[in-house]
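This is run_13.cif (mmCIF, C-alpha atoms).
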data_start
loop_
_atom_site.label_atom_id
_atom_site.label_comp_id
_atom_site.auth_asym_id
_atom_site.auth_seq_id
_atom_site.Cartn_x
_atom_site.Cartn_y
_atom_site.Cartn_z
CA MET A 1 57.25 14.14 -18.35
CA ARG A 2 56.37 16.54 -15.59
CA GLN A 3 53.31 18.72 -16.01
CA THR A 4 52.54 21.98 -14.24
CA LEU A 5 49.04 22.98 -13.16
CA ILE A 6 47.90 26.28 -11.68
CA ALA A 7 44.83 25.99 -9.46
CA THR A 8 43.11 29.05 -8.08
CA VAL A 9 41.23 28.24 -4.89
CA GLU A 10 39.29 30.00 -2.19
CA ASN A 11 41.57 31.29 0.56
CA LYS A 12 39.87 29.43 3.39
CA PRO A 13 41.01 27.06 6.14
CA GLY A 14 41.05 23.42 5.07
CA VAL A 15 41.40 23.96 1.31
CA LEU A 16 44.99 22.70 1.16
CA ASN A 17 43.95 19.67 3.21
CA ARG A 18 41.12 18.92 0.76
CA VAL A 19 43.49 19.11 -2.21
CA ALA A 20 46.16 16.98 -0.50
CA SER A 21 43.51 14.46 0.57
CA MET A 22 42.26 14.16 -3.02
CA PHE A 23 45.83 13.40 -4.16
CA ARG A 24 46.18 10.80 -1.40
CA ARG A 25 42.81 9.13 -2.12
CA ARG A 26 43.56 8.90 -5.85
CA ASN A 27 47.16 7.80 -5.21
CA PHE A 28 48.52 10.73 -7.26
CA ASN A 29 52.13 11.69 -6.54
CA ILE A 30 52.90 15.40 -6.19
CA ASP A 31 56.36 16.36 -7.44
CA SER A 32 56.00 19.85 -5.98
CA LEU A 33 53.24 21.98 -4.51
CA ASN A 34 53.32 25.69 -3.72
CA VAL A 35 50.50 27.76 -2.32
CA GLY A 36 50.38 31.51 -1.91
CA ARG A 37 48.10 34.52 -1.79
CA THR A 38 47.05 36.35 -4.94
CA GLU A 39 46.09 39.93 -5.71
CA ARG A 40 42.73 39.10 -4.09
CA PRO A 41 42.64 38.33 -0.36
CA ASP A 42 39.88 35.72 -0.83
CA VAL A 43 41.83 33.69 -3.43
CA SER A 44 45.04 31.62 -3.27
CA ARG A 45 47.06 30.13 -6.13
CA MET A 46 48.47 26.62 -6.09
CA THR A 47 51.23 25.55 -8.45
CA ILE A 48 51.17 21.76 -8.68
CA VAL A 49 53.75 19.69 -10.56
CA VAL A 50 52.95 16.04 -11.31
CA ASP A 51 54.69 13.31 -13.31
CA SER A 52 52.34 12.66 -16.22
CA GLN A 53 53.64 9.11 -16.71
CA ASP A 54 52.21 8.23 -13.30
CA THR A 55 49.32 10.69 -13.28
CA PRO A 56 47.88 12.32 -16.42
CA ALA A 57 47.44 16.07 -15.84
CA ARG A 58 43.95 15.90 -17.36
CA LEU A 59 42.90 13.44 -14.64
CA VAL A 60 44.35 15.66 -11.90
CA GLU A 61 42.55 18.66 -13.40
CA ALA A 62 39.22 16.82 -13.55
CA ASN A 63 39.54 15.69 -9.93
CA LEU A 64 40.48 19.18 -8.73
CA TYR A 65 37.32 20.55 -10.34
CA LYS A 66 35.28 18.20 -8.12
CA LEU A 67 36.51 20.02 -5.00
CA VAL A 68 34.18 22.65 -3.58
CA ASN A 69 36.79 25.39 -3.07
CA VAL A 70 38.49 25.16 -6.48
CA ILE A 71 37.83 28.19 -8.70
CA ASP A 72 39.92 27.32 -11.76
CA VAL A 73 42.60 24.91 -12.98
CA GLN A 74 45.02 25.55 -15.86
CA ASP A 75 47.55 23.12 -17.32
CA VAL A 76 50.42 25.48 -18.21
CA THR A 77 52.92 22.78 -19.23
CA ASN A 78 52.94 23.73 -22.92
CA GLN A 79 51.73 27.31 -22.47
CA ALA A 80 53.61 30.59 -22.46
CA ALA A 81 54.25 30.69 -18.72
CA VAL A 82 56.96 31.90 -16.37
CA LEU A 83 58.13 29.12 -14.03
CA ARG A 84 60.57 29.88 -11.24
CA GLU A 85 62.01 28.14 -8.22
CA LEU A 86 63.69 29.56 -5.13
CA ALA A 87 66.57 27.68 -3.54
CA LEU A 88 68.65 28.43 -0.47
CA ILE A 89 71.99 26.63 -0.61
CA LYS A 90 74.31 26.59 2.41
CA VAL A 91 77.88 26.08 1.23
CA ALA A 92 81.09 25.54 3.17
CA ALA A 93 83.01 28.76 2.53
CA ALA A 94 86.45 29.14 3.99
CA PRO A 95 87.73 32.70 3.39
CA GLU A 96 90.05 31.54 0.57
CA LYS A 97 87.10 29.91 -1.31
CA ARG A 98 84.64 32.81 -1.11
CA GLY A 99 85.84 34.54 -4.27
CA GLU A 100 85.20 31.40 -6.32
CA ILE A 101 81.73 30.99 -4.79
CA LEU A 102 80.89 34.67 -5.38
CA SER A 103 81.87 34.30 -9.04
CA LEU A 104 79.31 31.51 -9.44
CA VAL A 105 76.71 33.52 -7.52
CA ASN A 106 77.20 36.43 -9.95
CA ILE A 107 77.06 34.25 -13.07
CA PHE A 108 73.67 32.87 -11.99
CA GLU A 109 72.38 36.29 -10.86
CA ALA A 110 71.94 34.81 -7.40
CA SER A 111 72.75 36.53 -4.12
CA VAL A 112 74.34 35.83 -0.78
CA ALA A 113 71.65 35.74 1.92
CA ASP A 114 73.98 35.05 4.86
CA VAL A 115 77.68 34.77 5.65
CA SER A 116 79.19 33.11 8.70
CA PRO A 117 82.85 32.41 9.48
CA ASP A 118 82.80 29.04 7.73
CA SER A 119 79.75 29.05 5.43
CA MET A 120 77.56 31.10 3.09
CA VAL A 121 73.88 30.83 2.24
CA VAL A 122 73.31 31.41 -1.47
CA GLN A 123 69.83 32.44 -2.62
CA VAL A 124 68.80 31.83 -6.22
CA VAL A 125 65.51 32.40 -8.03
CA ALA A 126 65.63 30.83 -11.48
CA SER A 127 64.39 28.05 -13.69
CA GLU A 128 64.72 24.53 -12.32
CA ASN A 129 67.58 23.83 -14.76
CA ALA A 130 69.52 26.91 -13.65
CA VAL A 131 69.02 26.01 -9.97
CA ASN A 132 70.25 22.47 -10.68
CA SER A 133 73.29 23.82 -12.54
CA LEU A 134 74.25 26.18 -9.72
CA ILE A 135 73.91 23.37 -7.18
CA GLU A 136 76.19 21.11 -9.23
CA LEU A 137 78.80 23.86 -9.61
CA LEU A 138 78.71 24.59 -5.86
CA ARG A 139 78.93 20.91 -4.91
CA PRO A 140 82.78 20.75 -5.00
CA SER A 141 82.87 23.55 -2.39
CA GLY A 142 80.84 21.39 -0.02
CA ILE A 143 77.08 21.80 0.16
CA LEU A 144 75.94 21.67 3.77
CA GLU A 145 72.21 22.09 3.28
CA ILE A 146 69.65 22.82 0.54
CA VAL A 147 66.00 23.85 0.61
CA ARG A 148 63.97 24.36 -2.57
CA THR A 149 60.48 25.69 -3.08
CA GLY A 150 59.54 23.80 -6.21
CA HIS A 151 57.88 25.68 -9.06
CA VAL A 152 55.70 28.72 -8.92
CA ALA A 153 54.08 29.60 -12.23
CA MET A 154 52.24 32.46 -13.92
CA MET A 155 50.95 32.85 -17.46
CA ARG A 156 52.89 35.32 -19.60
CA GLY A 157 51.39 38.40 -21.20
CA ARG A 158 48.24 40.26 -20.40
CA ASP A 159 45.84 38.03 -18.57
CA GLU A 160 42.45 38.75 -17.11
CA GLY A 161 43.67 37.67 -13.70
CA ILE A 162 41.66 35.10 -11.79
CA ARG A 163 39.45 33.10 -14.12
CA HIS A 164 36.12 31.78 -12.91
CA THR A 165 36.04 28.70 -15.06
CA PRO A 166 32.93 26.60 -15.27
CA GLY A 167 33.65 23.41 -13.39
CA ALA A 168 34.65 24.90 -10.10
CA GLY A 169 33.14 23.32 -7.02
CA GLN A 170 29.71 24.26 -5.76
CA SER A 171 30.43 26.38 -2.67
CA GLY A 172 27.69 28.96 -2.96
CA ASN A 173 30.16 31.84 -3.19
CA GLY A 174 29.80 32.64 -6.88
CA PHE A 175 32.61 30.31 -7.97
CA THR A 176 30.32 27.77 -9.66
CA GLY A 177 29.87 26.01 -12.96
CA HIS A 178 30.67 22.79 -14.78
CA SER A 179 33.82 21.97 -16.75
CA GLY A 180 32.70 18.99 -18.79
CA LEU A 181 35.82 17.09 -17.68
CA SER A 182 35.50 13.53 -16.54
CA ALA A 183 37.38 12.45 -13.41
CA ASP A 184 36.88 8.74 -14.05
#
Would you put the structure from the file into structure tokens?
Amino acid sequence: MRQTLIATVENKPGVLNRVASMFRRRNFNIDSLNVGRTERPDVSRMTIVVDSQDTPARLVEANLYKLVNVIDVQDVTNQAAVLRELALIKVAAAPEKRGEILSLVNIFEASVADVSPDSMVVQVVASENAVNSLIELLRPSGILEIVRTGHVAMMRGRDEGIRHTPGAGQSGNGFTGHSGLSAD
């Protein structure tokens, strides 16, 4: 089973390297990792997907809390969360096939990002299952190239924004505390 974690971290150089190095040192496999800015310029959000059969999410969470620049970690796997993925799919598109491709694009509420004489780039933002379904339906047309972002996630409903959970690393910037989680 894949589990999704949201980590809020300080937006500073080297933070992504520290997180990736922790995964490497602990031999944790990352299924997907996305990092982006938040509503605060000093904070970034990481969406991390791991396979819990190989790496229990609780262990990943505990190890993330050991890192100095980590503010908070949430396991949103079984929570009310919105998870989306962006995919760009370049499809062979001879003029006589474009109508069929556009029908699929419309069904999946996707869009055409680019058209050239012999191909189209389809852009879709959806759940992982919907992205997979669109890819499979476009496959007979001839997929030339695919790039996917992996998940981005956000809790549903009214949230208090960036949590400052006890357990975040000790960086001296106000993001401090102790989680009580064991990383061993």
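Of the listed residues (A:Thr77, A:Arg25, A:Ala110, A:Ile48), A:Thr77 comes nearest to Met1 in chain A; the distances count only C-alpha atoms.
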Q: Find the spatial neighbours of Asn11 in chain A, counting all atoms listed in the file, within a cut-off of 10 Å - ignore same-chain residues fewer than 2 positions away - and output them as a list in words.
A: Thr8, Val9, Pro13, Gly14, Val15, Leu16, Gly36, Arg37, Thr38, Arg40, Pro41, Asp42, Val43, Ser44, Arg45, Asn69 and Val70 of chain A
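Closest to Leu5 in chain A among A:Met154, A:Leu86, A:Val125, A:Leu137 is A:Met154, based on only C-alpha atoms.
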Q | Computed interatomic separation between CA of Ser127 in chain A and CA of Val152 in chain A (Å) | A | 9.9 Å
Q.
Nearest residue to Glu145 in chain A out of A:Asp114, A:Val124, A:Arg158, A:Ile89, using all atoms listed in the file?
A. A:Ile89
Q.
Could you tell me how far CA of Lys97 in chain A sits from CA of Ile146 in chain A, in Å to one decimal place?
A. 18.9 Å
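Straight-line separation from CA of Ala80 in chain A to CA of Ala62 in chain A: 21.8 Å.
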Q | Contact residues around Val50 in chain A with only C-alpha atoms at 6 Å, ignoring same-chain residues under 3 positions, as number ranges by chain | A | A: 2-3, 30-31
Q: Using all atoms listed in the file, pick whichever of A:Asn34, A:Asn63, A:Thr47, A:Gln123 has the shortest atom-to-atom distance to Asp75 in chain A.
A: A:Thr47
Q) Quick one: residues within 12 Å of range 58-60 of chain A, only C-alpha atoms counted, chain neighbours fewer than 6 positions away excluded, as number ranges by chain? A) A: 3-7, 19-20, 22-30, 48-52, 66-67, 73-77, 179-184
